[in-house]
$ cat my_file.cif   # mmCIF, N, CA and C atoms
data_data
loop_
_atom_site.label_atom_id
_atom_site.label_comp_id
_atom_site.auth_asym_id
_atom_site.auth_seq_id
_atom_site.Cartn_x
_atom_site.Cartn_y
_atom_site.Cartn_z
N MET A 1 -67.19 -13.07 -92.24
CA MET A 1 -67.12 -11.84 -91.48
C MET A 1 -66.19 -11.98 -90.27
N ARG A 2 -66.23 -13.14 -89.63
CA ARG A 2 -65.38 -13.38 -88.47
C ARG A 2 -63.90 -13.35 -88.85
N GLU A 3 -63.57 -13.81 -90.07
CA GLU A 3 -62.18 -13.80 -90.52
C GLU A 3 -61.64 -12.38 -90.55
N SER A 4 -62.45 -11.45 -90.97
CA SER A 4 -62.03 -10.06 -91.04
C SER A 4 -61.74 -9.52 -89.64
N ALA A 5 -62.58 -9.85 -88.68
CA ALA A 5 -62.37 -9.40 -87.30
C ALA A 5 -61.10 -9.99 -86.73
N THR A 6 -60.84 -11.25 -87.00
CA THR A 6 -59.63 -11.90 -86.51
C THR A 6 -58.39 -11.26 -87.13
N TYR A 7 -58.43 -10.98 -88.40
CA TYR A 7 -57.32 -10.33 -89.09
C TYR A 7 -57.05 -8.96 -88.48
N GLN A 8 -58.11 -8.21 -88.21
CA GLN A 8 -57.94 -6.89 -87.60
C GLN A 8 -57.37 -7.00 -86.20
N GLU A 9 -57.79 -7.99 -85.44
CA GLU A 9 -57.24 -8.20 -84.10
C GLU A 9 -55.75 -8.48 -84.16
N ILE A 10 -55.34 -9.29 -85.12
CA ILE A 10 -53.92 -9.62 -85.29
C ILE A 10 -53.13 -8.37 -85.65
N LEU A 11 -53.68 -7.57 -86.54
CA LEU A 11 -53.00 -6.33 -86.93
C LEU A 11 -52.86 -5.38 -85.76
N LEU A 12 -53.92 -5.23 -84.98
CA LEU A 12 -53.86 -4.34 -83.82
C LEU A 12 -52.88 -4.83 -82.78
N GLU A 13 -52.84 -6.14 -82.57
CA GLU A 13 -51.90 -6.71 -81.61
C GLU A 13 -50.46 -6.47 -82.08
N GLY A 14 -50.21 -6.67 -83.35
CA GLY A 14 -48.87 -6.43 -83.90
C GLY A 14 -48.47 -4.98 -83.79
N LYS A 15 -49.42 -4.10 -84.04
CA LYS A 15 -49.14 -2.66 -83.95
C LYS A 15 -48.81 -2.28 -82.51
N ALA A 16 -49.56 -2.81 -81.55
CA ALA A 16 -49.31 -2.52 -80.14
C ALA A 16 -47.94 -3.02 -79.72
N GLU A 17 -47.57 -4.22 -80.17
CA GLU A 17 -46.25 -4.76 -79.84
C GLU A 17 -45.14 -3.90 -80.44
N GLY A 18 -45.35 -3.46 -81.66
CA GLY A 18 -44.35 -2.61 -82.31
C GLY A 18 -44.18 -1.28 -81.60
N LEU A 19 -45.28 -0.69 -81.17
CA LEU A 19 -45.20 0.57 -80.44
C LEU A 19 -44.49 0.39 -79.11
N ALA A 20 -44.79 -0.69 -78.41
CA ALA A 20 -44.14 -0.95 -77.13
C ALA A 20 -42.64 -1.15 -77.32
N GLU A 21 -42.27 -1.87 -78.36
CA GLU A 21 -40.85 -2.10 -78.64
C GLU A 21 -40.16 -0.77 -78.96
N GLY A 22 -40.83 0.08 -79.71
CA GLY A 22 -40.27 1.39 -80.03
C GLY A 22 -40.08 2.26 -78.80
N GLU A 23 -41.02 2.18 -77.88
CA GLU A 23 -40.92 2.95 -76.64
C GLU A 23 -39.74 2.48 -75.81
N ILE A 24 -39.51 1.19 -75.76
CA ILE A 24 -38.38 0.65 -75.00
C ILE A 24 -37.07 1.10 -75.63
N LYS A 25 -36.98 1.02 -76.95
CA LYS A 25 -35.75 1.45 -77.63
C LYS A 25 -35.49 2.93 -77.39
N THR A 26 -36.54 3.73 -77.42
CA THR A 26 -36.39 5.17 -77.18
C THR A 26 -35.91 5.43 -75.75
N ALA A 27 -36.51 4.76 -74.78
CA ALA A 27 -36.10 4.93 -73.38
C ALA A 27 -34.64 4.52 -73.19
N ASN A 28 -34.24 3.43 -73.84
CA ASN A 28 -32.84 2.98 -73.74
C ASN A 28 -31.90 4.00 -74.35
N ARG A 29 -32.25 4.55 -75.50
CA ARG A 29 -31.40 5.54 -76.16
C ARG A 29 -31.27 6.80 -75.30
N ILE A 30 -32.38 7.24 -74.72
CA ILE A 30 -32.35 8.42 -73.86
C ILE A 30 -31.50 8.14 -72.62
N ALA A 31 -31.68 6.96 -72.04
CA ALA A 31 -30.90 6.59 -70.85
C ALA A 31 -29.40 6.58 -71.16
N LEU A 32 -29.03 6.03 -72.31
CA LEU A 32 -27.61 6.00 -72.69
C LEU A 32 -27.06 7.42 -72.83
N ASN A 33 -27.81 8.29 -73.45
CA ASN A 33 -27.37 9.68 -73.60
C ASN A 33 -27.23 10.35 -72.24
N MET A 34 -28.15 10.07 -71.34
CA MET A 34 -28.08 10.64 -70.00
C MET A 34 -26.88 10.10 -69.24
N LEU A 35 -26.61 8.80 -69.38
CA LEU A 35 -25.43 8.21 -68.74
C LEU A 35 -24.16 8.88 -69.24
N ARG A 36 -24.08 9.06 -70.54
CA ARG A 36 -22.90 9.69 -71.13
C ARG A 36 -22.73 11.14 -70.68
N SER A 37 -23.83 11.76 -70.27
CA SER A 37 -23.79 13.14 -69.78
C SER A 37 -23.50 13.22 -68.29
N GLY A 38 -23.37 12.05 -67.65
CA GLY A 38 -23.02 12.02 -66.23
C GLY A 38 -24.20 12.16 -65.29
N ILE A 39 -25.40 11.97 -65.78
CA ILE A 39 -26.59 12.07 -64.93
C ILE A 39 -26.69 10.79 -64.09
N SER A 40 -27.14 10.95 -62.86
CA SER A 40 -27.20 9.80 -61.94
C SER A 40 -28.21 8.76 -62.42
N VAL A 41 -27.92 7.52 -62.07
CA VAL A 41 -28.77 6.40 -62.44
C VAL A 41 -30.18 6.58 -61.86
N ASN A 42 -30.25 7.11 -60.64
CA ASN A 42 -31.57 7.32 -60.02
C ASN A 42 -32.41 8.31 -60.81
N LEU A 43 -31.82 9.39 -61.26
CA LEU A 43 -32.56 10.37 -62.06
C LEU A 43 -32.96 9.78 -63.41
N ILE A 44 -32.06 9.03 -64.00
CA ILE A 44 -32.37 8.40 -65.29
C ILE A 44 -33.57 7.47 -65.13
N SER A 45 -33.58 6.70 -64.06
CA SER A 45 -34.70 5.80 -63.80
C SER A 45 -36.00 6.58 -63.63
N GLN A 46 -35.92 7.66 -62.91
CA GLN A 46 -37.11 8.48 -62.66
C GLN A 46 -37.65 9.07 -63.96
N PHE A 47 -36.77 9.56 -64.83
CA PHE A 47 -37.20 10.23 -66.06
C PHE A 47 -37.61 9.27 -67.17
N THR A 48 -36.98 8.11 -67.23
CA THR A 48 -37.25 7.19 -68.34
C THR A 48 -38.23 6.08 -67.98
N GLY A 49 -38.38 5.81 -66.68
CA GLY A 49 -39.23 4.70 -66.27
C GLY A 49 -38.52 3.36 -66.31
N LEU A 50 -37.24 3.36 -66.68
CA LEU A 50 -36.46 2.13 -66.67
C LEU A 50 -36.06 1.80 -65.24
N SER A 51 -35.92 0.52 -64.95
CA SER A 51 -35.48 0.11 -63.62
C SER A 51 -33.98 0.36 -63.49
N LEU A 52 -33.51 0.37 -62.25
CA LEU A 52 -32.08 0.55 -62.02
C LEU A 52 -31.29 -0.58 -62.69
N GLU A 53 -31.84 -1.79 -62.65
CA GLU A 53 -31.18 -2.94 -63.27
C GLU A 53 -31.08 -2.76 -64.77
N GLN A 54 -32.13 -2.26 -65.39
CA GLN A 54 -32.11 -2.05 -66.85
C GLN A 54 -31.05 -1.01 -67.22
N ILE A 55 -30.94 0.02 -66.43
CA ILE A 55 -29.95 1.06 -66.71
C ILE A 55 -28.54 0.52 -66.51
N GLN A 56 -28.36 -0.27 -65.48
CA GLN A 56 -27.04 -0.85 -65.23
C GLN A 56 -26.63 -1.78 -66.37
N GLN A 57 -27.60 -2.46 -66.97
CA GLN A 57 -27.29 -3.32 -68.13
C GLN A 57 -26.81 -2.48 -69.31
N LEU A 58 -27.34 -1.28 -69.44
CA LEU A 58 -26.92 -0.40 -70.54
C LEU A 58 -25.48 0.09 -70.36
N GLN A 59 -25.03 0.14 -69.12
CA GLN A 59 -23.68 0.60 -68.83
C GLN A 59 -22.62 -0.40 -69.24
N LYS A 60 -23.01 -1.64 -69.45
CA LYS A 60 -22.04 -2.70 -69.78
C LYS A 60 -21.67 -2.69 -71.23
#
$ encode --input "my_file.cif" --output "structure tokens"
Amino acid sequence: MRESATYQEILLEGKAEGLAEGEIKTANRIALNMLRSGISVNLISQFTGLSLEQIQQLQK
């Protein structure tokens, strides 16, 4: 019975990691589109939750 619980924990952890990775990719894609539209880095940070440093890395 414990094996089943451990397997489920692993699956849930993997799912959470996948969702977090997807959220980061989405925020990066939105930030890039905003940069291309000429929106300020400060506004992009405010709307996406990305740090100024993360946005500056996308500009490179």
$ closest_residue --input "my_file.cif" --among "A:Gln8, A:Asn42, A:Thr48, A:Gln56" --to "Ile30 of chain A" --atoms "only C-alpha atoms"
A:Thr48
$ residues_around --input "my_file.cif" --residues "Leu58 of chain A" --least-positions-apart "2" --cutoff "8 Å" --atoms "all atoms listed in the file" --output "compact mmCIF listing (two decimals) with N, CA and C atoms, in the frame of the given file"
# COMPACT_ATOMS: atom_id res chain seq x y z
N ASN A 28 -34.24 3.43 -73.84
CA ASN A 28 -32.84 2.98 -73.74
C ASN A 28 -31.90 4.00 -74.35
N ALA A 31 -31.68 6.96 -72.04
CA ALA A 31 -30.90 6.59 -70.85
C ALA A 31 -29.40 6.58 -71.16
N LEU A 32 -29.03 6.03 -72.31
CA LEU A 32 -27.61 6.00 -72.69
C LEU A 32 -27.06 7.42 -72.83
N LEU A 52 -33.51 0.37 -62.25
CA LEU A 52 -32.08 0.55 -62.02
C LEU A 52 -31.29 -0.58 -62.69
N GLU A 53 -31.84 -1.79 -62.65
CA GLU A 53 -31.18 -2.94 -63.27
C GLU A 53 -31.08 -2.76 -64.77
N GLN A 54 -32.13 -2.26 -65.39
CA GLN A 54 -32.11 -2.05 -66.85
C GLN A 54 -31.05 -1.01 -67.22
N ILE A 55 -30.94 0.02 -66.43
CA ILE A 55 -29.95 1.06 -66.71
C ILE A 55 -28.54 0.52 -66.51
N GLN A 56 -28.36 -0.27 -65.48
CA GLN A 56 -27.04 -0.85 -65.23
C GLN A 56 -26.63 -1.78 -66.37
N LYS A 60 -23.01 -1.64 -69.45
CA LYS A 60 -22.04 -2.70 -69.78
C LYS A 60 -21.67 -2.69 -71.23
$ atom_distance --input "my_file.cif" --atom1 "atom C of Ile44 of chain A" --atom2 "atom N of Lys25 of chain A"
13.9 Å
$ atom_distance --input "my_file.cif" --atom1 "atom C of Leu11 of chain A" --atom2 "atom CA of Glu23 of chain A"
17.2 Å
$ atom_distance --input "my_file.cif" --atom1 "atom N of Ser37 of chain A" --atom2 "atom N of Gln59 of chain A"
11.7 Å
